[in-house]
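Peer 1: Have a peek at start_33.cif (mmCIF, C-alpha atoms).
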```cif
data_structure
#
loop_
_atom_site.label_atom_id
_atom_site.label_comp_id
_atom_site.auth_asym_id
_atom_site.auth_seq_id
_atom_site.Cartn_x
_atom_site.Cartn_y
_atom_site.Cartn_z
CA MET X 1 0.00 0.00 0.00
CA SER X 2 1.44 3.33 -1.01
CA LEU X 3 1.78 6.18 1.47
CA GLY X 4 -1.10 7.98 -0.25
CA ASP X 5 -3.42 4.99 0.10
CA TYR X 6 -2.27 4.49 3.70
CA LEU X 7 -2.96 8.12 4.63
CA ARG X 8 -6.46 7.86 3.16
CA TYR X 9 -6.98 4.66 5.12
CA LEU X 10 -5.77 6.31 8.35
CA ARG X 11 -7.99 9.32 7.72
CA ALA X 12 -10.98 7.01 7.22
CA VAL X 13 -10.38 5.08 10.45
CA HIS X 14 -9.91 8.37 12.30
CA GLY X 15 -13.47 9.37 11.54
CA GLY X 16 -13.05 10.58 7.99
CA GLU X 17 -12.07 14.14 8.79
CA SER X 18 -11.13 16.35 5.87
CA THR X 19 -7.57 17.15 4.85
CA GLN X 20 -8.46 20.80 5.56
CA ASP X 21 -9.19 19.86 9.20
CA ILE X 22 -5.90 18.02 9.49
CA ALA X 23 -3.99 20.87 7.86
CA THR X 24 -5.53 23.30 10.36
CA LYS X 25 -4.59 21.07 13.30
CA LEU X 26 -1.03 20.75 12.00
CA GLY X 27 -0.81 24.51 11.47
CA LEU X 28 -0.44 24.24 7.69
CA PRO X 29 -1.68 27.18 5.63
CA SER X 30 -3.36 24.85 3.12
CA PRO X 31 -4.35 21.18 2.80
CA TRP X 32 -2.64 21.02 -0.57
CA PRO X 33 0.57 19.21 0.57
CA ILE X 34 -1.54 16.49 2.24
CA ASN X 35 -3.83 16.19 -0.77
CA GLU X 36 -0.80 15.85 -2.99
CA ILE X 37 0.62 12.93 -1.00
CA GLU X 38 -2.77 11.25 -0.90
CA GLN X 39 -3.60 11.67 -4.57
CA ARG X 40 -0.38 11.51 -6.52
CA TYR X 41 0.84 8.17 -7.79
CA ARG X 42 4.49 9.03 -7.41
CA ASP X 43 6.46 9.58 -4.25
CA CYS X 44 5.97 13.14 -3.05
CA GLY X 45 5.86 15.21 0.14
CA ASP X 46 8.74 16.22 2.36
CA ASN X 47 10.19 14.39 5.35
CA GLU X 48 9.01 16.99 7.85
CA LEU X 49 5.38 16.77 6.75
CA VAL X 50 5.50 12.97 6.72
CA ALA X 51 6.92 13.03 10.28
CA ARG X 52 4.17 15.39 11.44
CA LEU X 53 1.49 13.22 9.89
CA ALA X 54 3.00 10.13 11.55
CA GLU X 55 2.85 11.89 14.89
CA TYR X 56 -0.72 13.06 14.26
CA TYR X 57 -1.93 9.54 13.45
CA GLY X 58 0.23 7.90 16.09
CA VAL X 59 2.08 5.58 13.76
CA PRO X 60 5.85 5.06 13.47
CA VAL X 61 7.45 7.47 11.04
CA GLU X 62 9.58 4.57 9.74
CA GLU X 63 6.41 2.87 8.51
CA MET X 64 5.39 6.05 6.69
CA GLN X 65 8.82 6.26 5.03
CA TRP X 66 8.69 2.56 4.13
CA ARG X 67 5.35 3.09 2.39
CA ARG X 68 6.67 6.20 0.71
CA ARG X 69 9.14 4.05 -1.18
CA ARG X 70 6.27 1.82 -2.31
CA SER X 71 4.35 4.32 -4.40
CA ARG X 72 1.75 3.30 -6.94
CA LYS X 73 4.22 4.19 -9.69
CA ALA X 74 6.79 1.83 -8.15
CA LEU X 75 4.24 -1.00 -8.10
CA THR X 76 3.27 -0.23 -11.71
CA ALA X 77 6.91 -0.35 -12.84
CA PHE X 78 7.37 -3.66 -11.00
CA LEU X 79 4.21 -5.19 -12.51
CA SER X 80 5.09 -3.93 -15.98
CA GLU X 81 8.53 -5.55 -15.83
CA ALA X 82 7.12 -8.78 -14.40
CA GLN X 83 4.46 -8.96 -17.09
CA ASP X 84 6.88 -8.20 -19.94
CA ASN X 85 9.34 -10.85 -18.77
CA ALA X 86 6.78 -13.40 -17.49
CA HIS X 87 8.40 -13.37 -14.06
CA THR X 88 6.77 -15.07 -11.12
CA ILE X 89 6.07 -12.57 -8.38
CA VAL X 90 5.05 -12.52 -4.75
CA LEU X 91 2.45 -10.03 -3.55
CA VAL X 92 2.38 -9.53 0.19
CA LEU X 93 -1.07 -8.41 1.27
CA ARG X 94 -2.06 -6.22 4.15
CA ASN X 95 -3.48 -9.24 5.95
CA GLU X 96 0.02 -10.81 5.62
CA GLU X 97 -1.17 -13.36 3.08
CA ARG X 98 1.32 -14.01 0.26
CA LEU X 99 0.06 -14.62 -3.26
CA ILE X 100 2.42 -16.11 -5.84
CA GLY X 101 1.85 -16.12 -9.57
CA THR X 102 2.46 -14.46 -12.91
CA VAL X 103 0.90 -11.17 -13.99
CA GLU X 104 -1.80 -11.57 -16.64
CA TRP X 105 -2.62 -7.88 -16.64
CA PHE X 106 -3.10 -4.98 -14.27
CA ASP X 107 -4.90 -1.68 -14.31
CA MET X 108 -5.56 1.27 -12.06
CA GLY X 109 -7.47 -0.75 -9.47
CA ALA X 110 -6.57 -4.42 -9.74
CA ILE X 111 -4.00 -7.04 -10.75
CA LEU X 112 -4.90 -10.37 -12.35
CA LEU X 113 -2.54 -13.08 -11.14
CA LYS X 114 -2.27 -16.57 -12.54
CA PRO X 115 -1.32 -18.72 -9.54
CA LEU X 116 1.44 -21.26 -10.00
CA ASP X 117 -0.40 -24.07 -8.23
CA ASP X 118 -3.69 -23.76 -10.10
CA GLU X 119 -3.40 -22.54 -13.68
CA LYS X 120 -7.14 -22.83 -14.23
CA ARG X 121 -7.96 -20.18 -11.65
CA ASP X 122 -7.49 -16.42 -11.68
CA ILE X 123 -6.80 -14.26 -8.67
CA MET X 124 -7.99 -10.70 -8.96
CA VAL X 125 -6.06 -8.73 -6.34
CA GLN X 126 -7.17 -5.23 -5.44
CA ARG X 127 -4.20 -2.89 -5.54
CA HIS X 128 -5.07 -1.18 -2.29
CA ILE X 129 -4.51 -4.43 -0.35
CA VAL X 130 -0.98 -4.93 -1.67
CA ASP X 131 1.54 -4.00 1.01
CA ASP X 132 4.76 -5.18 -0.55
CA TRP X 133 6.03 -7.06 -3.57
CA GLU X 134 9.07 -8.99 -4.75
CA MET X 135 10.21 -11.34 -7.49
CA ALA X 136 9.71 -15.00 -6.54
CA MET Q 1 -22.66 48.49 -32.96
CA ASP Q 2 -20.34 51.43 -32.43
CA ASP Q 3 -17.27 53.13 -33.81
CA LEU Q 4 -13.99 51.63 -32.73
CA TRP Q 5 -12.73 54.86 -31.19
CA LYS Q 6 -15.91 55.24 -29.12
CA ILE Q 7 -15.60 51.76 -27.69
CA ARG Q 8 -11.93 52.27 -26.96
CA LEU Q 9 -12.69 55.49 -25.10
CA LYS Q 10 -15.44 53.77 -23.12
CA LYS Q 11 -12.91 51.18 -22.08
CA GLN Q 12 -10.49 53.97 -21.12
CA MET Q 13 -7.77 52.52 -23.27
CA THR Q 14 -5.15 54.34 -25.32
CA VAL Q 15 -4.35 53.35 -28.88
CA ALA Q 16 -0.97 52.15 -27.68
CA GLN Q 17 -2.56 49.90 -25.08
CA LEU Q 18 -5.02 48.51 -27.59
CA SER Q 19 -2.19 47.99 -30.04
CA ALA Q 20 -0.17 46.03 -27.51
CA ARG Q 21 -3.12 43.90 -26.46
CA ALA Q 22 -4.46 43.19 -29.93
CA GLY Q 23 -1.07 42.83 -31.58
CA ILE Q 24 -1.99 45.32 -34.28
CA PRO Q 25 0.27 48.27 -35.17
CA ALA Q 26 -0.93 51.54 -33.66
CA ARG Q 27 -0.68 53.22 -37.03
CA LEU Q 28 -3.17 50.76 -38.47
CA LEU Q 29 -5.50 51.29 -35.52
CA HIS Q 30 -5.44 55.04 -36.16
CA GLU Q 31 -6.45 54.40 -39.74
CA TYR Q 32 -9.32 52.15 -38.62
CA GLU Q 33 -10.50 54.77 -36.14
CA GLU Q 34 -10.33 57.55 -38.68
CA GLY Q 35 -12.40 55.49 -41.09
CA ALA Q 36 -9.59 55.49 -43.60
CA ARG Q 37 -9.99 51.75 -44.03
CA SER Q 38 -12.30 49.05 -42.78
CA VAL Q 39 -11.19 46.46 -40.26
CA PRO Q 40 -10.73 42.98 -41.74
CA MET Q 41 -12.42 40.17 -39.83
CA ARG Q 42 -9.14 38.75 -38.52
CA ASN Q 43 -8.14 42.06 -36.92
CA LEU Q 44 -11.70 42.72 -35.83
CA GLU Q 45 -11.63 39.56 -33.76
CA ALA Q 46 -8.31 40.50 -32.18
CA ILE Q 47 -9.57 44.00 -31.38
CA ALA Q 48 -12.86 42.71 -29.95
CA LYS Q 49 -10.96 40.30 -27.75
CA ALA Q 50 -8.63 43.03 -26.54
CA LEU Q 51 -11.56 45.33 -25.75
CA TYR Q 52 -13.65 42.56 -24.15
CA VAL Q 53 -16.53 43.15 -26.52
CA ASP Q 54 -18.25 41.11 -29.17
CA VAL Q 55 -17.10 41.33 -32.77
CA MET Q 56 -20.60 42.45 -33.67
CA ASP Q 57 -20.29 45.46 -31.35
CA ILE Q 58 -17.61 47.10 -33.50
CA LYS Q 59 -18.30 48.76 -36.83
CA ALA Q 60 -16.05 47.37 -39.52
CA LEU Q 61 -15.80 50.90 -40.97
CA SER Q 62 -15.81 53.55 -38.28
CA ASP Q 63 -17.15 57.05 -38.85
CA PRO Q 64 -14.34 59.59 -38.81
CA ILE Q 65 -13.60 61.14 -35.46
CA PRO Q 66 -15.33 64.57 -35.27
CA ALA Q 67 -12.88 67.41 -35.57
CA ASN Q 68 -13.86 68.88 -32.19
CA LEU Q 69 -13.03 65.54 -30.54
CA THR Q 70 -9.83 64.84 -32.33
CA ASP Q 71 -7.57 66.19 -29.61
CA GLU Q 72 -9.54 64.43 -26.90
CA VAL Q 73 -9.70 61.09 -28.71
CA ARG Q 74 -6.30 61.20 -30.17
CA PRO Q 75 -3.84 63.04 -27.96
CA PRO Q 76 -0.69 64.32 -29.56
CA ARG Q 77 1.20 61.24 -30.51
CA ARG Q 78 4.34 60.33 -28.80
CA ALA Q 79 6.41 57.88 -30.69
CA ALA Q 80 7.48 56.17 -27.48
CA GLU Q 81 3.84 55.56 -26.53
CA ASP Q 82 2.41 54.39 -29.82
CA GLU Q 83 5.30 52.40 -31.18
CA PRO Q 84 7.70 51.83 -28.35
CA GLN Q 85 9.72 49.27 -30.29
CA ARG Q 86 10.50 51.67 -33.11
CA PRO Q 87 12.77 54.67 -32.96
CA ALA Q 88 11.00 58.00 -33.33
CA ALA Q 89 10.31 58.60 -36.97
CA PRO Q 90 11.69 61.73 -38.53
CA PRO Q 91 9.05 64.33 -39.50
CA ALA Q 92 9.06 63.23 -43.14
CA ALA Q 93 7.97 59.69 -42.17
CA ARG Q 94 4.82 60.63 -40.22
CA PRO Q 95 1.75 58.75 -41.35
CA SER Q 96 -0.13 61.99 -41.88
CA GLU Q 97 2.32 62.89 -44.58
CA PRO Q 98 1.36 62.00 -48.15
CA ARG Q 99 2.35 58.48 -49.17
CA SER Q 100 4.69 59.96 -51.72
CA ALA Q 101 7.11 60.82 -48.96
CA PRO Q 102 10.43 59.15 -49.66
CA PRO Q 103 11.00 55.86 -47.91
CA TYR Q 104 13.58 55.58 -45.14
CA GLY Q 105 13.02 59.25 -44.36
CA GLY Q 106 14.95 60.31 -47.42
CA ARG Q 107 17.99 58.37 -46.32
CA GLU Q 108 19.72 55.90 -48.52
CA ARG Q 109 18.23 52.44 -48.43
CA PRO Q 110 20.35 50.23 -46.17
CA PRO Q 111 22.18 47.45 -47.98
CA ARG Q 112 20.55 44.01 -47.88
CA ARG Q 113 22.13 41.53 -45.56
CA GLU Q 114 23.79 38.59 -47.15
CA PRO Q 115 21.84 35.42 -46.26
CA ARG Q 116 23.60 33.56 -43.51
CA GLY Q 117 24.78 30.02 -44.02
CA PRO Q 118 23.20 27.12 -42.13
CA SER Q 119 23.70 27.29 -38.37
CA LYS Q 120 25.73 24.71 -36.57
CA ALA Q 121 23.71 21.96 -34.85
CA ARG Q 122 22.63 22.81 -31.33
CA GLU Q 123 24.37 21.10 -28.45
CA SER Q 124 21.01 19.63 -27.39
CA GLN Q 125 20.54 18.13 -30.88
CA VAL Q 126 23.98 16.54 -30.72
CA GLN Q 127 23.28 15.11 -27.28
CA HIS Q 128 19.92 13.79 -28.45
CA LEU Q 129 21.54 12.14 -31.46
CA LEU Q 130 24.15 10.52 -29.23
CA SER Q 131 21.47 9.23 -26.85
CA LEU Q 132 19.50 7.73 -29.75
CA ALA Q 133 22.71 6.21 -31.12
CA GLN Q 134 23.16 4.40 -27.80
CA LEU Q 135 19.90 2.53 -28.44
CA PHE Q 136 21.55 1.11 -31.57
CA GLU Q 137 24.69 0.44 -29.50
CA TRP Q 138 26.68 2.90 -31.64
CA ASP Q 139 29.42 5.07 -30.30
CA GLN Q 140 30.06 8.54 -31.72
CA ALA Q 141 32.32 7.22 -34.49
CA ALA Q 142 29.66 4.71 -35.59
CA LEU Q 143 27.01 7.42 -35.57
CA GLU Q 144 29.22 9.68 -37.70
CA ARG Q 145 29.83 6.81 -40.13
CA GLU Q 146 26.07 6.26 -40.37
CA MET Q 147 25.42 9.92 -41.08
CA GLY Q 148 28.48 10.38 -43.27
CA THR Q 149 29.28 13.64 -41.48
CA PRO Q 150 31.25 14.39 -38.34
CA LEU Q 151 29.02 15.69 -35.55
CA ALA Q 152 31.08 18.87 -35.35
CA GLN Q 153 30.18 19.73 -38.95
CA LEU Q 154 26.49 18.92 -38.72
CA ASP Q 155 24.10 21.84 -39.26
CA ARG Q 156 20.72 22.28 -37.56
CA MET Q 157 18.64 21.13 -40.51
CA GLU Q 158 20.71 17.99 -40.96
CA ALA Q 159 20.65 17.27 -37.23
CA SER Q 160 16.90 17.65 -37.21
CA ARG Q 161 16.57 15.33 -40.21
CA TRP Q 162 18.79 12.69 -38.62
CA LEU Q 163 16.87 12.85 -35.37
CA LYS Q 164 13.72 12.11 -37.32
CA VAL Q 165 15.38 9.28 -39.25
CA LEU Q 166 16.71 7.64 -36.09
CA GLN Q 167 13.40 7.97 -34.25
CA GLU Q 168 11.60 6.31 -37.15
CA ARG Q 169 14.18 3.54 -37.25
CA ILE Q 170 13.72 2.94 -33.52
CA VAL Q 171 10.01 2.40 -34.09
CA THR Q 172 10.47 0.09 -37.09
CA GLU Q 173 13.65 -1.77 -36.16
CA ARG Q 174 13.19 -1.89 -32.37
CA PRO Q 175 16.90 -2.04 -31.53
CA LYS Q 176 17.93 -3.95 -28.39
CA GLY Q 177 18.54 -0.82 -26.38
CA ALA Q 178 15.07 0.64 -27.05
CA LYS Q 179 12.86 -0.49 -24.21
CA LYS Q 180 9.17 -0.74 -24.89
CA ARG Q 181 7.42 1.84 -22.78
CA ARG Q 182 3.98 1.40 -21.33
CA PRO Q 183 4.09 2.70 -17.78
CA TYR Q 184 1.16 5.06 -17.93
CA LEU Q 185 -1.72 3.13 -19.46
CA PRO Q 186 -2.49 0.92 -16.45
CA GLU Q 187 -2.32 3.98 -14.20
CA SER Q 188 -5.04 5.69 -16.14
CA VAL Q 189 -7.56 2.99 -16.98
CA ASP Q 190 -9.64 0.62 -14.93
CA ALA Q 191 -11.23 -1.10 -17.91
CA PHE Q 192 -9.45 -4.44 -17.52
CA GLU Q 193 -11.24 -5.38 -14.32
CA LEU Q 194 -14.56 -4.13 -15.68
CA HIS Q 195 -14.17 -6.34 -18.79
CA TYR Q 196 -13.32 -9.27 -16.55
CA LEU Q 197 -16.41 -8.72 -14.42
CA GLN Q 198 -18.56 -8.28 -17.51
CA ASP Q 199 -17.37 -11.63 -18.80
CA ARG Q 200 -18.07 -13.27 -15.43
CA GLN Q 201 -21.53 -11.74 -15.35
CA GLU Q 202 -22.39 -12.94 -18.85
CA THR Q 203 -21.07 -16.47 -18.28
CA GLU Q 204 -22.67 -16.59 -14.79
CA LYS Q 205 -19.53 -18.02 -13.20
CA GLN Q 206 -19.10 -18.05 -9.43
CA LEU Q 207 -16.45 -15.90 -7.81
CA ASP Q 208 -14.93 -16.50 -4.36
CA PHE Q 209 -14.31 -13.24 -2.52
CA VAL Q 210 -11.89 -12.71 0.35
CA LEU Q 211 -12.61 -9.49 2.18
CA PHE Q 212 -10.29 -7.04 3.87
CA ASN Q 213 -11.32 -8.34 7.33
CA GLY Q 214 -10.77 -12.01 6.38
CA ASP Q 215 -14.45 -12.87 5.73
CA LYS Q 216 -15.20 -15.00 2.70
CA LEU Q 217 -18.12 -14.91 0.30
CA THR Q 218 -19.09 -16.81 -2.83
CA GLY Q 219 -21.47 -15.47 -5.41
CA ARG Q 220 -22.47 -14.86 -8.98
CA VAL Q 221 -21.97 -11.33 -10.35
CA ILE Q 222 -25.22 -9.60 -11.26
CA GLY Q 223 -23.92 -6.05 -11.44
CA PHE Q 224 -20.86 -3.91 -10.89
CA GLY Q 225 -19.55 -0.38 -11.06
CA PRO Q 226 -16.24 1.37 -10.54
CA TYR Q 227 -16.56 1.13 -6.76
CA ASN Q 228 -18.69 -1.93 -6.04
CA ILE Q 229 -19.74 -5.40 -7.14
CA THR Q 230 -23.17 -6.93 -6.54
CA VAL Q 231 -23.41 -10.70 -6.29
CA VAL Q 232 -26.06 -13.30 -5.58
CA THR Q 233 -24.92 -15.86 -3.05
CA PRO Q 234 -25.83 -19.57 -3.43
CA ASP Q 235 -28.68 -19.11 -0.90
CA GLY Q 236 -30.19 -16.38 -3.10
CA ALA Q 237 -29.18 -13.31 -1.09
CA GLU Q 238 -28.06 -10.20 -2.97
CA VAL Q 239 -24.93 -8.61 -1.54
CA THR Q 240 -23.22 -5.44 -2.73
CA LEU Q 241 -19.53 -5.35 -1.90
CA ASN Q 242 -17.55 -2.14 -1.80
CA LYS Q 243 -14.30 -2.75 -3.66
CA LEU Q 244 -12.40 -1.15 -0.80
CA ALA Q 245 -13.65 -4.00 1.39
CA ILE Q 246 -12.36 -6.65 -1.03
CA ALA Q 247 -8.82 -8.01 -0.74
CA TYR Q 248 -9.07 -10.29 -3.74
CA TYR Q 249 -11.39 -12.68 -5.52
CA THR Q 250 -10.79 -15.83 -7.47
CA GLY Q 251 -12.63 -17.57 -10.24
CA GLU Q 252 -12.19 -20.28 -12.80
CA GLU Q 253 -11.14 -19.32 -16.30
#
```
Any chance you could give the structure as C-alpha cells?

Peer 2:
Amino acid sequence: MSLGDYLRYLRAVHGGESTQDIATKLGLPSPWPINEIEQRYRDCGDNELVARLAEYYGVPVEEMQWRRRRSRKALTAFLSEAQDNAHTIVLVLRNEERLIGTVEWFDMGAILLKPLDDEKRDIMVQRHIVDDWEMA
Amino acid sequence: MDDLWKIRLKKQMTVAQLSARAGIPARLLHEYEEGARSVPMRNLEAIAKALYVDVMDIKALSDPIPANLTDEVRPPRRAAEDEPQRPAAPPAARPSEPRSAPPYGGRERPPRREPRGPSKARESQVQHLLSLAQLFEWDQAALEREMGTPLAQLDRMEASRWLKVLQERIVTERPKGAKKRRPYLPESVDAFELHYLQDRQETEKQLDFVLFNGDKLTGRVIGFGPYNITVVTPDGAEVTLNKLAIAYYTGEE
C-alpha cells in the first residue's frame, strides 16, 4: 500500500475528517501538501510533513517512510517488468497473506494473477490491499 | 454596434494599449479609427478580444472622429507611446504625410544583408543524437559513419533530419537498447477489471471473494460499477460489496 493509500486509510479510520481539518490542526496554511501525498501516484511530500502526519496519526514514522518508497508508480513499474518478462512474483497483502503467480494484466485498481499451483484459476487482487512485492 | 474609437474610449484605453493587447500596429488602428480603411475580420476579432466586446459590437468601418473631438480622442502622438519598439520617426515619415514621402526618411536604403549560411547543430541536438545512437549500440564514431558527417560539422537542418530518421528507425527496427514503454496506461484505466467482471456476469460463473477483514463470500456477479460489485450468493441473497472492502477474488477461467 502506497503512502497515499495508507494516509487515506488512516484518515478514514480516524473518523473521515477532511484534509483541511488536518492541515488546520497541524498549522499548515493549506491542505494542498496532504492532498498531494494522498492523490499523486508518485512519491511526493517532504520528510518533515510525513513526520508530522505520523505523529498526528500515532504511527511510526519509519512505517510512513517505508510506504513512501512503495508508491503506486513503483508498483506499476514492478508489474510492468514482471508482465513483460513473465516473471513469477510474490504479492504480500495487508493481511500478511502471500500470493504467488504471474501477472496476466493490471490496471488502475486491480491485478490479475495466474497462480502457479492452479493454472485454471485467476486471482484478482485489489491494488489497495498490496503492502509489498518482490520477485519470486 | 459602435465606432472603434468610441468603444476604446469607453474602455479607457489608449491606442498604444489597444495595439499592444491586440497585436496590431498603432498606425493601423489610427487608420481604422479615422475610417480610412475598414477592419478585416481577422483584426476585428483581435480588437474585440482586446476590448472585451463582441465582434458584432464594432463597426467594420468607423465614422471619422469629429474634428472637435480629435484632440480628446487622439492626444498628440508620442512615438514612445504608440510604437515603443521603433525609434522615433523623422518628420518626413509621419503617417499623416502623403504616401509619396520618400521611404527611409529620405535616407539611402540600407544594404541588404547577405543570407547567412546554415547554423551549426545545437548542443542539445547533438546530445539527443548521441542518446538515440546508444539505443543502436553505436558510439560517436559509428554514428558519424552512419550519417556520413562528423558531428562537429552537422548543421541544424541535418541534425533535425537525422533525429527524425533515427526515431523512425527505432520504431520500425526496435533495436535492443530501445525499451518498450507502457508505464502510464495501467495507471489511467480501470477497464481491464470491468471487462473481466462483464465476462463473469455474462457467463454466470461463481467468484470467491476474500474481504479485507478475512471474511469469505461466494457469489455470482449480477452487477458492478467502478466502486462496487453486486453478487447473488448460493442461498439467493443479494450482496453489494464495496471494492475497498475486497482483498481479492478468485474464479475459474

Peer 1: Starting from the displayed file, determine the output of the PyMOL selection byres ((chain Q and resi 175) around 12) and express the residue list as a PDB file with C-alpha atoms, keeping the file's coordinate frame.

Peer 2:
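File produced: out17.pdb:
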```pdb
ATOM      1  CA  LEU Q 132      19.500   7.730 -29.750  1.00  0.00           C
ATOM      2  CA  ALA Q 133      22.710   6.210 -31.120  1.00  0.00           C
ATOM      3  CA  GLN Q 134      23.160   4.400 -27.800  1.00  0.00           C
ATOM      4  CA  LEU Q 135      19.900   2.530 -28.440  1.00  0.00           C
ATOM      5  CA  PHE Q 136      21.550   1.110 -31.570  1.00  0.00           C
ATOM      6  CA  GLU Q 137      24.690   0.440 -29.500  1.00  0.00           C
ATOM      7  CA  TRP Q 138      26.680   2.900 -31.640  1.00  0.00           C
ATOM      8  CA  LEU Q 166      16.710   7.640 -36.090  1.00  0.00           C
ATOM      9  CA  GLN Q 167      13.400   7.970 -34.250  1.00  0.00           C
ATOM     10  CA  GLU Q 168      11.600   6.310 -37.150  1.00  0.00           C
ATOM     11  CA  ARG Q 169      14.180   3.540 -37.250  1.00  0.00           C
ATOM     12  CA  ILE Q 170      13.720   2.940 -33.520  1.00  0.00           C
ATOM     13  CA  VAL Q 171      10.010   2.400 -34.090  1.00  0.00           C
ATOM     14  CA  THR Q 172      10.470   0.090 -37.090  1.00  0.00           C
ATOM     15  CA  GLU Q 173      13.650  -1.770 -36.160  1.00  0.00           C
ATOM     16  CA  ARG Q 174      13.190  -1.890 -32.370  1.00  0.00           C
ATOM     17  CA  LYS Q 176      17.930  -3.950 -28.390  1.00  0.00           C
ATOM     18  CA  GLY Q 177      18.540  -0.820 -26.380  1.00  0.00           C
ATOM     19  CA  ALA Q 178      15.070   0.640 -27.050  1.00  0.00           C
ATOM     20  CA  LYS Q 179      12.860  -0.490 -24.210  1.00  0.00           C
ATOM     21  CA  LYS Q 180       9.170  -0.740 -24.890  1.00  0.00           C
TER      22      LYS Q 180
END
```

Peer 1: List every protein, DNA or RNA residue that has at least one atom no more than 12 Å from (-9.3, 51.5, -39.6) in the file's coordinates, counting all atoms listed in the file, and write the result as an mmCIF file with C-alpha atoms, in the coordinates of the input.

Peer 2:
```
data_model
loop_
_atom_site.group_PDB
_atom_site.id
_atom_site.type_symbol
_atom_site.label_atom_id
_atom_site.label_comp_id
_atom_site.auth_asym_id
_atom_site.auth_seq_id
_atom_site.Cartn_x
_atom_site.Cartn_y
_atom_site.Cartn_z
ATOM 1 C CA ASP Q 3 -17.270 53.130 -33.810
ATOM 2 C CA LEU Q 4 -13.990 51.630 -32.730
ATOM 3 C CA TRP Q 5 -12.730 54.860 -31.190
ATOM 4 C CA VAL Q 15 -4.350 53.350 -28.880
ATOM 5 C CA ILE Q 24 -1.990 45.320 -34.280
ATOM 6 C CA PRO Q 25 0.270 48.270 -35.170
ATOM 7 C CA ALA Q 26 -0.930 51.540 -33.660
ATOM 8 C CA ARG Q 27 -0.680 53.220 -37.030
ATOM 9 C CA LEU Q 28 -3.170 50.760 -38.470
ATOM 10 C CA LEU Q 29 -5.500 51.290 -35.520
ATOM 11 C CA HIS Q 30 -5.440 55.040 -36.160
ATOM 12 C CA GLU Q 31 -6.450 54.400 -39.740
ATOM 13 C CA TYR Q 32 -9.320 52.150 -38.620
ATOM 14 C CA GLU Q 33 -10.500 54.770 -36.140
ATOM 15 C CA GLU Q 34 -10.330 57.550 -38.680
ATOM 16 C CA GLY Q 35 -12.400 55.490 -41.090
ATOM 17 C CA ALA Q 36 -9.590 55.490 -43.600
ATOM 18 C CA ARG Q 37 -9.990 51.750 -44.030
ATOM 19 C CA SER Q 38 -12.300 49.050 -42.780
ATOM 20 C CA VAL Q 39 -11.190 46.460 -40.260
ATOM 21 C CA PRO Q 40 -10.730 42.980 -41.740
ATOM 22 C CA MET Q 41 -12.420 40.170 -39.830
ATOM 23 C CA ASN Q 43 -8.140 42.060 -36.920
ATOM 24 C CA LEU Q 44 -11.700 42.720 -35.830
ATOM 25 C CA ILE Q 47 -9.570 44.000 -31.380
ATOM 26 C CA ILE Q 58 -17.610 47.100 -33.500
ATOM 27 C CA LYS Q 59 -18.300 48.760 -36.830
ATOM 28 C CA ALA Q 60 -16.050 47.370 -39.520
ATOM 29 C CA LEU Q 61 -15.800 50.900 -40.970
ATOM 30 C CA SER Q 62 -15.810 53.550 -38.280
ATOM 31 C CA ASP Q 63 -17.150 57.050 -38.850
ATOM 32 C CA PRO Q 64 -14.340 59.590 -38.810
ATOM 33 C CA ILE Q 65 -13.600 61.140 -35.460
#
```

Peer 1: Would you write out, as a tab-separated table, a table of all residues in chain X that have an atom no more than 12 Å from an atom of chain Q, listing for each the closest atom pair and the distance in Å to one decimal, considering all atoms listed in the file and ordering rows by chain and rising residue number?

Peer 2:
```
residue	atom	partner	partner_atom	distance
X:Met1	CA	Q:Ala247	CA	11.9
X:Asp5	CA	Q:Leu244	CA	10.9
X:Arg8	CA	Q:Leu244	CA	11.5
X:Tyr9	CA	Q:Leu244	CA	9.9
X:Ala12	CA	Q:Leu244	CA	11.5
X:Arg40	CA	Q:Glu187	CA	10.9
X:Tyr41	CA	Q:Glu187	CA	8.3
X:Arg42	CA	Q:Glu187	CA	10.9
X:Ser71	CA	Q:Glu187	CA	11.9
X:Arg72	CA	Q:Glu187	CA	8.4
X:Lys73	CA	Q:Glu187	CA	7.9
X:Ala74	CA	Q:Pro183	CA	10.0
X:Leu75	CA	Q:Glu187	CA	10.2
X:Thr76	CA	Q:Pro183	CA	6.8
X:Ala77	CA	Q:Pro183	CA	6.5
X:Phe78	CA	Q:Pro183	CA	9.9
X:Leu79	CA	Q:Pro183	CA	9.5
X:Ser80	CA	Q:Pro183	CA	6.9
X:Glu81	CA	Q:Pro183	CA	9.6
X:Gln83	CA	Q:Arg182	CA	11.2
X:Asp84	CA	Q:Lys180	CA	9.2
X:Asn85	CA	Q:Lys180	CA	11.8
X:Leu91	CA	Q:Tyr248	CA	11.5
X:Val92	CA	Q:Ala247	CA	11.3
X:Leu93	CA	Q:Ala247	CA	8.0
X:Arg94	CA	Q:Phe212	CA	8.3
X:Asn95	CA	Q:Phe212	CA	7.5
X:Glu96	CA	Q:Gly214	CA	10.9
X:Glu97	CA	Q:Ala247	CA	10.1
X:Arg98	CA	Q:Tyr248	CA	11.7
X:Leu99	CA	Q:Tyr248	CA	10.1
X:Glu104	CA	Q:Phe192	CA	10.5
X:Trp105	CA	Q:Phe192	CA	7.7
X:Phe106	CA	Q:Pro186	CA	6.3
X:Asp107	CA	Q:Pro186	CA	4.1
X:Met108	CA	Q:Glu187	CA	4.7
X:Gly109	CA	Q:Asp190	CA	6.0
X:Ala110	CA	Q:Glu193	CA	6.6
X:Ile111	CA	Q:Glu193	CA	8.2
X:Leu112	CA	Q:Glu193	CA	8.3
X:Leu113	CA	Q:Thr250	CA	9.4
X:Lys114	CA	Q:Thr250	CA	9.9
X:Pro115	CA	Q:Thr250	CA	10.1
X:Asp118	CA	Q:Glu252	CA	9.6
X:Glu119	CA	Q:Glu253	CA	8.8
X:Lys120	CA	Q:Glu253	CA	5.7
X:Arg121	CA	Q:Glu252	CA	4.4
X:Asp122	CA	Q:Thr250	CA	5.4
X:Ile123	CA	Q:Thr250	CA	4.5
X:Met124	CA	Q:Tyr249	CA	5.2
X:Val125	CA	Q:Tyr248	CA	4.3
X:Gln126	CA	Q:Tyr248	CA	5.7
X:Arg127	CA	Q:Ala247	CA	8.4
X:His128	CA	Q:Leu244	CA	7.5
X:Ile129	CA	Q:Ala247	CA	5.6
X:Val130	CA	Q:Ala247	CA	8.5
X:Asp131	CA	Q:Ala247	CA	11.2
```

Peer 1: Which residues come within 12 Å of range 139-150 of chain Q, counting only C-alpha atoms, excluding same-chain residues fewer than 2 positions away, as number ranges by chain?

Peer 2: Q: 120-121, 126-137, 152-155, 158-159, 161-163, 165-166
